[in-house]
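Chemist: The structure that follows is given in the form of structure tokens.
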Amino acid sequence: MTESVVVKRRDFLKVLGLSSVPLLLGDSSKLVLAIASPSQEEIRAMEKDLRLTRTVRGVCAYCAVGCGIIFYKVGDSVVYVEGDPDNPINEGKLCPKGKASIQLFGEYNPRRIKTPMIRVNPKPTVDELKAVRNQADLRKIIEKYKPVWKPVTWDEAISFVARKIKEIIDEAGLDPRQEDGFYYNGKQFPVMIEAGAKLTNEEAYLIKKMATMMGSYNIDHDARRCHSTTVAGLAGTVGFGAQTQHFIDTQFPAVYLIFGGNPAENHPVSMRHTLRGREERGLKLVVVDPRYNRTASKSDIFAFFRPGSDLAFLLYILHYAFWERNPPVDQLNTFREFVERFNVDIDEIAEFKEIAKDYTAEEVSKITGIPPDKLRLIAQTYVENSGVTTNFQKFASIQWAMGQTQHHIGTQITRMSALIQLTLGNMGFPGGGLNPYRGHSNVQGTTDLCILSHILPGYIKQPSSTLQIRVYQDWKNQGFPDAWNWEIPEWAGSAFGPNERGKVNSTKILWSWWFHNWRRFELTWGIFVGTDPEDDPQNGTVISDFPFGAGYTENTWWQGALFDDVIKAAIIMAENPAVSNADTLTEYMALASLKLLVVVDLWETETATFADVLLPGAVQYEKYGSITNSSRWIQWQDRVASPPGDAKPDLWIMTRLWEALKAEGAVRLPSQVYGKYRERVLIRNPYREGEFVQLYERKISPFMDYYTGRLPDEDYSEVDPELVYREIDLAVDLYNGMYDWVDRRPLAKRRIAFLRGESDIDGILDRTYLMHKDWGWSWPKNVRILYNLWTLSKTLGRRVTYEFPSGKYAVGPELDGKTVEVTGETGEIRDAVSGEWRPAFIPGHNFVVGKFYKRAWSGVADVFTGAVDPRSLLSGRVVGKFVFFHEDGGYEIKTADELGIVCPLCESFYYDQEVVMAGKANYKKPYFKGTKDLGDGRVVKYVGFYDWRRVRDAFTSELAQLADQMGLKGAIIEMKRRYGEWYAYPSPDNPSEIWAWDMRYPIHYEPAESICKELAVKYPSMAWRRGENFNLISPPKEDFRELADTVNLTPEEMHVPEGAVVVTATTNRLTEHFHTGQLTRNLPLLAELFPEPFVEIPKPLADSLGIKSGDIVEVGNNRNRIFLRAMVTNRVPKMAIGPDGRECYVVNLPWHWGWAGAHSTFAVVNTVSGIYMDTVTTMQETKTFLAYIRKASPADYDYRAEGEPTSWAAPSRRR
Amino acid sequence: MEYGVLVVVDRCIGCRACQVACHVWNGTEAESTEFSPDYTNPPDLTSNVWTVVRFVEMGEGDGLRWYFVKRQCMHCVEPACVAACPTGALHKDKDGIVLWDSKKCIGCRYCVEACPYGVPHFDPLDKTIRKCTFCADRVREGLEPACVAACPTDALIFGSLDEIRARAEEYRAKGHPVYGLEEGGGTSWIYVFPKETAPSDAGLPRLGPETPRERIDKGLLALAMAAVAGLAAWGVSRGKAAPAAQEVKVR
């Protein structure tokens, strides 16, 4: 750049009189640089372009912090990108990925695929892949079967896919006509759908809706591999599996424990707030991690620990609190007050205290490798800055990501974090709570809307029996009651909660919430779930357009393809499991076994290597839609540019596919097969036995019509995302409220960065803790701090009241006409009667509230007062009918208009003290209950800790003995054979009763692959409780028996070549790259920073192996061998662990590389990681596995930079 | 008014948003790089990479430290490059920004040799030197430099040089090592280092308070020695700067 350019550019801006307008920042560096000394003619051209400069706002497409991003456009060209200065999350800042993301657009990125393609050559075969044991083997196969593509039109591609899927469905012979009703088994569907966390909320919701209506639960997404264990662990303990604080709030903890996360690298902009807290508020940053990462570089206290020893470390914090601290925390009045207020059972704490007793600093030091003194320092720092020890003035908080989740006991680890926060009074406060940071821009949204195999959108139960459908029909006949007004019929038994009206427990409350949501789905999807006839729930024919059961997950589907022969095809959208799946060689075999694989992506990915059809998709910035960040804030993305060539947004692709499948006859709902086309909405007259009142009738016809023609873009004319957004608001209670039905606006588009006034709803909290409640919308009911019940009253000492004038709001007698005290964050809802905003959760937000509710229209009206069809519901028209019964048996039907109801679509939920206090934290949570008959006269009984402790030592010593004889793998198989269950041992009282640990509290379990055999038998892995894991050491199918040889549970079981040392391996991500690398390796601006794959090796180990930085090393185990660059550093540890304090090394493997795209290699890190799955969610244990490492020859390294052509630099630069 | 930037090393998380932001604003191409043994990549500034973050790892165990120091043109108060430029292509403007005029640059590379920080790089295609412009085209329009605007943790603070110097003094009073208040007569980019670290650990040359002009007055030998020392410290071992260092001797 010359000075003359600078001057000219300034003059140029001045000429236009626009230099002070910040928007014009978008005057395109490219544009100006293109003109070294602009002529008059060129200036006129620039003037024209500048007038055309406009900005498009959205949300960064990488991680889930939710940074606002602004793109500057001149004409159709995107010329510049900057952070959105108005967005309170990032205040104009961006990390390198966000900043480089301009290179994702087709105009800069020649690698983007632009046309649909069908493969014309053969694919790799299962048998060839089965023999792969090192990266050179893999390379031979992949290169032999390099895809040859035939470009086709969209019509050709879509009809090809639809025809093939129809054939495959027909071959599977699916039929909804079951012996006891009309429904599908959701796990039998032969097509697996994997739809990534990069989809917008609207896309996520629709793909799950489509799959469900096709009869399939074989649908899942990458949240399974990232935070499924967070969701399960937290939801099972405190209600919702989500971050309870938000990013701005991470400046308020007194102590912030980063344990299992690395925000400086993976959520860089979040550190803006955390470091602000450190500098301005004295926040202490404590980092405990297997490596000294960029977050650790900012820590006040740091400790290395051995990956896989997470539970032991966390248990020590409570050991300190209960057993070392004087007085113990459970003797503090604040503690008692807290657990009482939050409904924690004191007996449960006593049992858990016994567990924590064993985890002394000395014992935990042997497991974790953290010296006892440092453990004490960390525990003390944490406990003494907690709610119960500071009278709720200071809070310690925990942050994590994959470090806690990616273990076979990930659910237990995240749950343990929640238990610490519950015990120490750190839950539900600004500055105190749980902070799982999520990885993909919309992974929270795709999780909430449940592209998952086991739940419906909004965490709603999928039915599993016809009894449930019958009880549901009966519930409908009772007038869609809330739990307090619901009378469960005697014939339903006790599984749904207390049968008596007015009596509730959490089971009953949850079922009424699920039923309410099923009803929402029925009305918005145009489907039917119930009995025919409607007035005979007990004997009528069960028809359920929801399939039954749960499907395969992303981590189990390969067994569905290879072992169970169920999965024959797959559609993979915006995901690259060929790099991201653990033990990837199994994934390759499954992909190769398919008759049809459709991949929708931006690039020709590693997964596309196995595809039959490759469809060009759109990046988030090329879409319209809503995006939910990690802390539940929903923001709107506007389209910045059209995707390149013929590429299309996923919304367009999936709805086109739906139409084609319907045309092929591949969509056959059970209601259609039965011939149920209308539902009579009947309400039982409570005063006349057997009499029903028909409120209205509605049409049953699956709804997928989102035409509005509102948007200018051709590919959004058929499907308007804003219409889908409205449907989500109506269909999914969790997201209900994100559309404002009174002012008719999506609140995700709200961009008000001002804080509220003190007299506004939640105004004091908003002002004090910078919640920014008018920026976007946050679930539930715009709440920003989950479970906030006490901040106003306890922490701030404020008394705040709210008045509910008589008859004004759709609330019950508990609130109507009363003035109530508000003690925490209430959130807000549009009131159904008045249409005005009012506080939602009274007096604040305890656990599970959101799932628990009371309904002002309980027993008298359908959900939203009813809808004749989905289309009219979406346009705001409801039936609007209420029935009021008189005690003499008479009744009258009134309309919403007659009743003066302003907003029937706002529903009539309200939450009072009784609802709030019904929420209970599950301190105890048995994951296995009851008994299991072994069929040989013996019974397995799942028992609690006091019983388990009586047989524990006998169990571990028998295991140790067997492991000495036959190795650990053999010992596990033998123990499971002997006792019919894992973690089980005969009862000392009755040998025919086998006691098995019910997992009610977290205890330490060694990882499936442990570096220390003594620890592996003292604290055995829990993996083998789960069938899919047992399949790994004992494959159920003859063809795959040799898979068992790829498992190495201890160093002794590994084939270790000469000159190699066995280490504990862990994987992680880098700031500059994203997941499978496709979104970053293909961007030259990011590839500059980390072009090549590498492994971080502790210096003492490298020295002993003669390895220097830059050398090529081999990392391998029984699964595979890969070759990478060595990075020798003291930032990964050598530590002493086990009873004898033996040396243990940790190596770290960033996993961003694969063979497709720029900067490629066949050294796919996950081909050496293991796929031991979480006992609850099937999460894979990629954070710790065994590998050996040794020096290798440079000839083994196969990295290719592939001289990326950059279209980034200004065209004139090289003129 | 002269501009300045304070680099607060304690706040930097090494994310390198600055490095990318510099490319995006200035339209410079990404370099084709290779594996770097310590994350720093490219290992040195180039004619396309006008700012680069240097990763500094020290010690082990509890003494382990890792910090990140952004490099770019220091926009010296009395720039050695300007003093060395025979054609006046390089010049320091009233606002303290050191710029060059490519029409006057004859590609002699004296500035490359003279700069104690190894900043100017010769572009073989343009046949001129190139370096950080302090985003003159932004700051003169009232905007922050691109790197400052991007920095997620406010490790870079932009302001008037007087204000920046005052803030640096405050940090120094609190015991932080500071670089750029006096070194080589002072710089517009001033560094605040974490306590218990030294600027020289991050490769910043140990310079006395005298300006290049004063040093030139003391004779060419002193200049050459200072330049060699500076270049060596800034990463001669990485190869690229080595020929320049030899040329100094020839001069």
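By convention here, the chains of the structure tokens are called A, B, ... in the order presented, each chain's residues are numbered starting at 1, and ligands are numbered starting at 1 in the order presented.
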Residues near Leu1085 in chain A, anyone? I mean within 12 Å using only C-alpha atoms, not counting same-chain ones fewer than 5 positions away, as a PyMOL selection string.
Modeler: (chain A and resi 96-104+108-109+1072-1073+1079-1080+1090-1091+1204-1209) or (chain B and resi 16-24+27-33+41-42+48-49)
Chemist: Just want the 12 Å neighbourhood of Met1 in chain B, counted on only C-alpha atoms, with same-chain residues fewer than 3 positions away dropped. Output as a ChimeraX atom specification.
Modeler: /B:4,93-97,139-140,159-163,188
Chemist: CA of Asn1166 in chain A and CA of Thr1182 in chain A are how many Å apart?
Modeler: 7.9 Å
Chemist: Tell me which of A:Leu375, A:Val915, A:Ala660, A:Val1095 sits closest to chain B, counting only C-alpha atoms.
Modeler: A:Val1095
Chemist: Which residue gives the smallest distance to chain A among B:Asp126, B:Glu183, B:Asp62, B:Asp101, with only C-alpha atoms counted?
Modeler: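 Using only C-alpha atoms, chain A sits closest to B:Asp101.
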Chemist: Find the residues around Ile164 in chain B up to 10 Å (only C-alpha atoms counted), leave out those fewer than 3 positions away in its own chain, and share them as a ChimeraX atom specification.
Modeler: /B:3-7,157-161,167-170,181,188-190
Chemist: Restricting the output to N, CA and C atoms, write the selected residues as a CSV table (one decimal), in the first residue's frame.
Modeler:
```csv
chain,number,residue,atom,x,y,z
B,3,TYR,N,-0.7,8.9,17.2
B,3,TYR,CA,-1.5,7.8,17.6
B,3,TYR,C,-0.6,6.8,18.3
B,4,GLY,N,-1.1,6.0,19.2
B,4,GLY,CA,-0.4,4.9,19.8
B,4,GLY,C,-1.3,3.7,20.1
B,5,VAL,N,-0.6,2.6,20.4
B,5,VAL,CA,-1.3,1.4,20.8
B,5,VAL,C,-0.6,0.8,22.0
B,6,LEU,N,-1.4,0.4,23.0
B,6,LEU,CA,-0.8,-0.3,24.1
B,6,LEU,C,-1.1,-1.8,23.9
B,7,VAL,N,-0.1,-2.6,24.0
B,7,VAL,CA,-0.3,-4.1,23.9
B,7,VAL,C,-0.2,-4.6,25.3
B,157,ILE,N,-5.0,-1.7,22.9
B,157,ILE,CA,-5.7,-0.4,23.2
B,157,ILE,C,-5.2,0.7,22.4
B,158,PHE,N,-6.1,1.3,21.6
B,158,PHE,CA,-5.7,2.3,20.7
B,158,PHE,C,-6.1,3.7,21.3
B,159,GLY,N,-5.2,4.7,21.1
B,159,GLY,CA,-5.5,6.0,21.5
B,159,GLY,C,-4.4,7.0,21.1
B,160,SER,N,-4.4,8.2,21.7
B,160,SER,CA,-3.3,9.1,21.4
B,160,SER,C,-2.1,8.6,22.1
B,161,LEU,N,-0.9,8.9,21.5
B,161,LEU,CA,0.3,8.4,22.1
B,161,LEU,C,0.5,8.9,23.5
B,167,ARG,N,-0.8,5.5,30.2
B,167,ARG,CA,-1.3,4.2,30.7
B,167,ARG,C,-0.1,3.2,30.9
B,168,ALA,N,0.9,3.3,30.0
B,168,ALA,CA,2.0,2.4,30.2
B,168,ALA,C,2.8,2.7,31.5
B,169,GLU,N,2.9,4.0,31.8
B,169,GLU,CA,3.5,4.4,33.0
B,169,GLU,C,2.8,3.9,34.2
B,170,GLU,N,1.5,3.9,34.1
B,170,GLU,CA,0.7,3.3,35.3
B,170,GLU,C,1.0,1.9,35.5
B,181,LEU,N,8.7,2.8,25.9
B,181,LEU,CA,8.7,4.1,26.4
B,181,LEU,C,10.0,4.9,26.1
B,188,SER,N,5.6,4.0,19.1
B,188,SER,CA,4.1,4.3,19.2
B,188,SER,C,3.4,3.1,19.7
B,189,TRP,N,3.9,1.9,19.4
B,189,TRP,CA,3.3,0.7,20.0
B,189,TRP,C,4.1,0.3,21.2
B,190,ILE,N,3.4,0.3,22.4
B,190,ILE,CA,4.1,0.1,23.6
B,190,ILE,C,3.6,-1.1,24.3
```
Chemist: Point out the residue among B:Val9, B:Cys151, B:Cys105, B:Ala114 with the least atom-to-atom distance to chain A, counting only C-alpha atoms.
Modeler: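 Answer, going by the shortest atom-to-atom distance: B:Cys151.
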Chemist: List the neighbours of range 630-637 of chain A out to 8 Å using only C-alpha atoms; skip same-chain residues closer than 3 positions along the sequence, and give me the result as an MDAnalysis selection string.
Modeler: chainID A and resid 57:59 64:66 242:247 436:439 441:445 620:621 623:627 748:750 776:779 784
Chemist: Write the selection just made, keeping N, CA and C atoms, as a short mmCIF file (atom, residue, chain, number, x, y, z; two decimals), in the first residue's frame?
Modeler:
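Writing the result to again_6.cif gives the following:
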```cif
data_model
loop_
_atom_site.label_atom_id
_atom_site.label_comp_id
_atom_site.auth_asym_id
_atom_site.auth_seq_id
_atom_site.Cartn_x
_atom_site.Cartn_y
_atom_site.Cartn_z
N ARG A 57 -26.61 -8.43 8.73
CA ARG A 57 -26.22 -8.88 10.05
C ARG A 57 -26.60 -10.33 10.29
N GLY A 58 -25.82 -10.96 11.13
CA GLY A 58 -26.15 -12.34 11.46
C GLY A 58 -25.35 -12.78 12.66
N VAL A 59 -25.17 -14.08 12.74
CA VAL A 59 -24.52 -14.70 13.88
C VAL A 59 -23.34 -15.49 13.33
N ALA A 64 -20.52 -21.61 19.46
CA ALA A 64 -21.86 -21.28 19.95
C ALA A 64 -21.89 -20.08 20.89
N VAL A 65 -20.84 -19.25 20.87
CA VAL A 65 -20.88 -18.05 21.70
C VAL A 65 -21.97 -17.10 21.17
N GLY A 66 -22.16 -17.11 19.86
CA GLY A 66 -23.24 -16.30 19.30
C GLY A 66 -22.84 -14.88 19.00
N ALA A 242 -28.64 -27.49 29.98
CA ALA A 242 -28.13 -26.32 29.26
C ALA A 242 -27.32 -25.46 30.21
N GLN A 243 -26.57 -24.55 29.58
CA GLN A 243 -25.80 -23.58 30.34
C GLN A 243 -26.77 -22.74 31.18
N THR A 244 -26.48 -22.59 32.47
CA THR A 244 -27.41 -21.83 33.31
C THR A 244 -27.08 -20.34 33.31
N GLN A 245 -25.81 -19.99 33.11
CA GLN A 245 -25.42 -18.58 33.00
C GLN A 245 -25.33 -18.22 31.53
N HIS A 246 -24.83 -17.06 31.23
CA HIS A 246 -24.58 -16.70 29.83
C HIS A 246 -23.22 -16.04 29.75
N PHE A 247 -22.77 -15.74 28.54
CA PHE A 247 -21.37 -15.37 28.37
C PHE A 247 -21.01 -14.06 29.08
N PRO A 436 -21.60 -25.35 30.55
CA PRO A 436 -21.15 -26.13 29.41
C PRO A 436 -21.16 -25.24 28.18
N TYR A 437 -20.01 -25.00 27.58
CA TYR A 437 -19.95 -24.18 26.36
C TYR A 437 -20.10 -25.10 25.17
N ARG A 438 -21.00 -24.76 24.29
CA ARG A 438 -21.25 -25.65 23.17
C ARG A 438 -20.46 -25.22 21.94
N GLY A 439 -20.27 -26.18 21.04
CA GLY A 439 -19.26 -25.98 20.00
C GLY A 439 -19.75 -25.42 18.68
N SER A 441 -22.36 -23.34 16.06
CA SER A 441 -23.15 -22.11 16.16
C SER A 441 -24.58 -22.39 16.60
N ASN A 442 -25.16 -23.48 16.12
CA ASN A 442 -26.55 -23.72 16.52
C ASN A 442 -26.74 -25.08 17.17
N VAL A 443 -25.72 -25.58 17.82
CA VAL A 443 -25.90 -26.93 18.38
C VAL A 443 -26.88 -26.91 19.54
N GLN A 444 -27.00 -25.79 20.23
CA GLN A 444 -28.01 -25.74 21.29
C GLN A 444 -29.40 -25.81 20.66
N GLY A 445 -29.58 -25.11 19.56
CA GLY A 445 -30.87 -25.13 18.88
C GLY A 445 -31.20 -26.49 18.29
N GLN A 620 -24.20 -21.14 6.78
CA GLN A 620 -25.18 -20.39 7.59
C GLN A 620 -25.45 -18.98 7.08
N TYR A 621 -24.40 -18.30 6.61
CA TYR A 621 -24.58 -16.92 6.15
C TYR A 621 -25.39 -16.84 4.86
N LYS A 623 -28.19 -18.33 4.53
CA LYS A 623 -29.53 -18.75 4.92
C LYS A 623 -30.25 -17.63 5.67
N TYR A 624 -31.55 -17.80 5.76
CA TYR A 624 -32.34 -17.03 6.72
C TYR A 624 -32.73 -17.99 7.83
N GLY A 625 -32.70 -17.53 9.06
CA GLY A 625 -33.19 -18.43 10.10
C GLY A 625 -32.71 -18.02 11.47
N SER A 626 -33.19 -18.73 12.48
CA SER A 626 -32.82 -18.39 13.84
C SER A 626 -31.75 -19.37 14.34
N ILE A 627 -30.91 -18.84 15.22
CA ILE A 627 -29.75 -19.57 15.72
C ILE A 627 -29.75 -19.44 17.23
N ALA A 748 -36.44 -13.18 18.06
CA ALA A 748 -35.04 -13.43 17.73
C ALA A 748 -34.44 -12.26 16.97
N LYS A 749 -35.31 -11.50 16.30
CA LYS A 749 -34.80 -10.36 15.51
C LYS A 749 -34.63 -9.10 16.36
N ARG A 750 -35.02 -9.20 17.63
CA ARG A 750 -34.95 -8.02 18.49
C ARG A 750 -33.48 -7.66 18.75
N GLY A 776 -32.51 -10.25 21.35
CA GLY A 776 -32.96 -11.61 21.01
C GLY A 776 -33.97 -12.12 22.01
N TRP A 777 -33.99 -13.41 22.18
CA TRP A 777 -34.91 -14.04 23.13
C TRP A 777 -34.22 -15.29 23.63
N SER A 778 -34.56 -15.67 24.84
CA SER A 778 -33.86 -16.80 25.43
C SER A 778 -34.87 -17.74 26.08
N TRP A 779 -34.66 -19.04 25.92
CA TRP A 779 -35.61 -19.95 26.58
C TRP A 779 -35.11 -20.26 27.97
N ARG A 784 -32.63 -15.50 31.51
CA ARG A 784 -31.21 -15.50 31.15
C ARG A 784 -30.36 -16.30 32.13
#
```
Chemist: Using the chain letters and numbers from this document, which residues of range 199-433 of chain A does DSSP assign to alpha helix (DSSP H), as number ranges by chain?
Modeler: A: 201-214, 223-226, 228-238, 263-266, 270-280, 310-319, 333-341, 346-357, 361-368, 372-383, 402-405, 410-423
Chemist: Restricting the calculation to only C-alpha atoms, which member of B:Gly208, B:Pro37, B:Pro194, B:Pro124 is positioned closest to chain A?
Modeler: B:Pro37
Chemist: Just to confirm, what's the straight-line distance from CA of Val719 in chain A to CA of Val667 in chain A in Å (one decimal)?
Modeler: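 Computing it gives 19.6 Å between the two atoms.
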Chemist: Record the distance separating CA of Ala663 in chain A and CA of Ala211 in chain A, expressed in Å with one decimal.
Modeler: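 Going from CA of Ala663 in chain A over to CA of Ala211 in chain A, I get 15.9 Å.
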Chemist: So that I can see what lies close to Lys503 in chain A, please list as a PyMOL selection string the residues with an atom at most 9 Å from it, counting only C-alpha atoms and leaving out residues fewer than 6 positions away in the same chain.
Modeler: chain A and resi 483-487+497
Chemist: Go ahead and write the selection's residues with all heavy atoms as a PDB file, in the first residue's frame.
Modeler:
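Dumped everything to again25.pdb:
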```pdb
ATOM      1  N   ALA A 483     -51.350 -30.798  35.385  1.00  0.00           N
ATOM      2  CA  ALA A 483     -51.158 -31.948  36.272  1.00  0.00           C
ATOM      3  C   ALA A 483     -52.064 -31.881  37.497  1.00  0.00           C
ATOM      4  O   ALA A 483     -52.539 -32.908  37.984  1.00  0.00           O
ATOM      5  CB  ALA A 483     -49.693 -32.013  36.707  1.00  0.00           C
ATOM      6  N   TRP A 484     -52.322 -30.679  37.967  1.00  0.00           N
ATOM      7  CA  TRP A 484     -53.096 -30.547  39.203  1.00  0.00           C
ATOM      8  C   TRP A 484     -54.567 -30.904  38.986  1.00  0.00           C
ATOM      9  O   TRP A 484     -55.253 -31.311  39.902  1.00  0.00           O
ATOM     10  CB  TRP A 484     -52.949 -29.115  39.749  1.00  0.00           C
ATOM     11  CG  TRP A 484     -51.666 -28.931  40.496  1.00  0.00           C
ATOM     12  CD1 TRP A 484     -51.503 -29.041  41.851  1.00  0.00           C
ATOM     13  CD2 TRP A 484     -50.369 -28.637  39.977  1.00  0.00           C
ATOM     14  NE1 TRP A 484     -50.185 -28.837  42.191  1.00  0.00           N
ATOM     15  CE2 TRP A 484     -49.464 -28.579  41.055  1.00  0.00           C
ATOM     16  CE3 TRP A 484     -49.872 -28.419  38.687  1.00  0.00           C
ATOM     17  CZ2 TRP A 484     -48.108 -28.313  40.909  1.00  0.00           C
ATOM     18  CZ3 TRP A 484     -48.521 -28.154  38.523  1.00  0.00           C
ATOM     19  CH2 TRP A 484     -47.652 -28.099  39.624  1.00  0.00           C
ATOM     20  N   ASN A 485     -55.034 -30.733  37.757  1.00  0.00           N
ATOM     21  CA  ASN A 485     -56.439 -31.006  37.464  1.00  0.00           C
ATOM     22  C   ASN A 485     -56.656 -32.335  36.738  1.00  0.00           C
ATOM     23  O   ASN A 485     -57.767 -32.668  36.356  1.00  0.00           O
ATOM     24  CB  ASN A 485     -57.016 -29.877  36.605  1.00  0.00           C
ATOM     25  CG  ASN A 485     -57.183 -28.625  37.426  1.00  0.00           C
ATOM     26  OD1 ASN A 485     -57.979 -28.580  38.359  1.00  0.00           O
ATOM     27  ND2 ASN A 485     -56.388 -27.613  37.111  1.00  0.00           N
ATOM     28  N   TRP A 486     -55.581 -33.043  36.514  1.00  0.00           N
ATOM     29  CA  TRP A 486     -55.659 -34.274  35.714  1.00  0.00           C
ATOM     30  C   TRP A 486     -55.979 -35.444  36.625  1.00  0.00           C
ATOM     31  O   TRP A 486     -55.343 -35.657  37.650  1.00  0.00           O
ATOM     32  CB  TRP A 486     -54.319 -34.473  35.001  1.00  0.00           C
ATOM     33  CG  TRP A 486     -54.183 -35.712  34.186  1.00  0.00           C
ATOM     34  CD1 TRP A 486     -55.169 -36.441  33.580  1.00  0.00           C
ATOM     35  CD2 TRP A 486     -52.953 -36.382  33.864  1.00  0.00           C
ATOM     36  NE1 TRP A 486     -54.641 -37.500  32.896  1.00  0.00           N
ATOM     37  CE2 TRP A 486     -53.284 -37.493  33.054  1.00  0.00           C
ATOM     38  CE3 TRP A 486     -51.618 -36.141  34.168  1.00  0.00           C
ATOM     39  CZ2 TRP A 486     -52.304 -38.367  32.554  1.00  0.00           C
ATOM     40  CZ3 TRP A 486     -50.652 -37.003  33.674  1.00  0.00           C
ATOM     41  CH2 TRP A 486     -50.988 -38.105  32.879  1.00  0.00           C
ATOM     42  N   GLU A 487     -56.969 -36.217  36.211  1.00  0.00           N
ATOM     43  CA  GLU A 487     -57.361 -37.405  36.960  1.00  0.00           C
ATOM     44  C   GLU A 487     -56.923 -38.612  36.145  1.00  0.00           C
ATOM     45  O   GLU A 487     -57.555 -38.937  35.130  1.00  0.00           O
ATOM     46  CB  GLU A 487     -58.879 -37.394  37.136  1.00  0.00           C
ATOM     47  CG  GLU A 487     -59.367 -38.193  38.292  1.00  0.00           C
ATOM     48  CD  GLU A 487     -60.861 -37.959  38.495  1.00  0.00           C
ATOM     49  OE1 GLU A 487     -61.324 -36.818  38.294  1.00  0.00           O
ATOM     50  OE2 GLU A 487     -61.550 -38.913  38.839  1.00  0.00           O
ATOM     51  N   GLY A 497     -48.121 -41.475  37.674  1.00  0.00           N
ATOM     52  CA  GLY A 497     -48.205 -40.633  38.864  1.00  0.00           C
ATOM     53  C   GLY A 497     -49.494 -40.914  39.629  1.00  0.00           C
ATOM     54  O   GLY A 497     -50.250 -41.817  39.268  1.00  0.00           O
TER      55      GLY A 497
END
```
Chemist: Between B:Ala84, B:Leu45, B:Ala149, B:Ala198, single out the one closest to chain A, counting only C-alpha atoms.
Modeler: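 Residue with the minimum atom-to-atom distance to chain A: B:Ala149.
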Chemist: Set the distance at 12 Å and use only C-alpha atoms: which residues neighbour Phe335 in chain A once local chain neighbours fewer than 5 positions away are removed? I'd like the list as a PyMOL selection string.
Modeler: chain A and resi 321-322+327-330+340-342+344+346+349+386-392+421-426
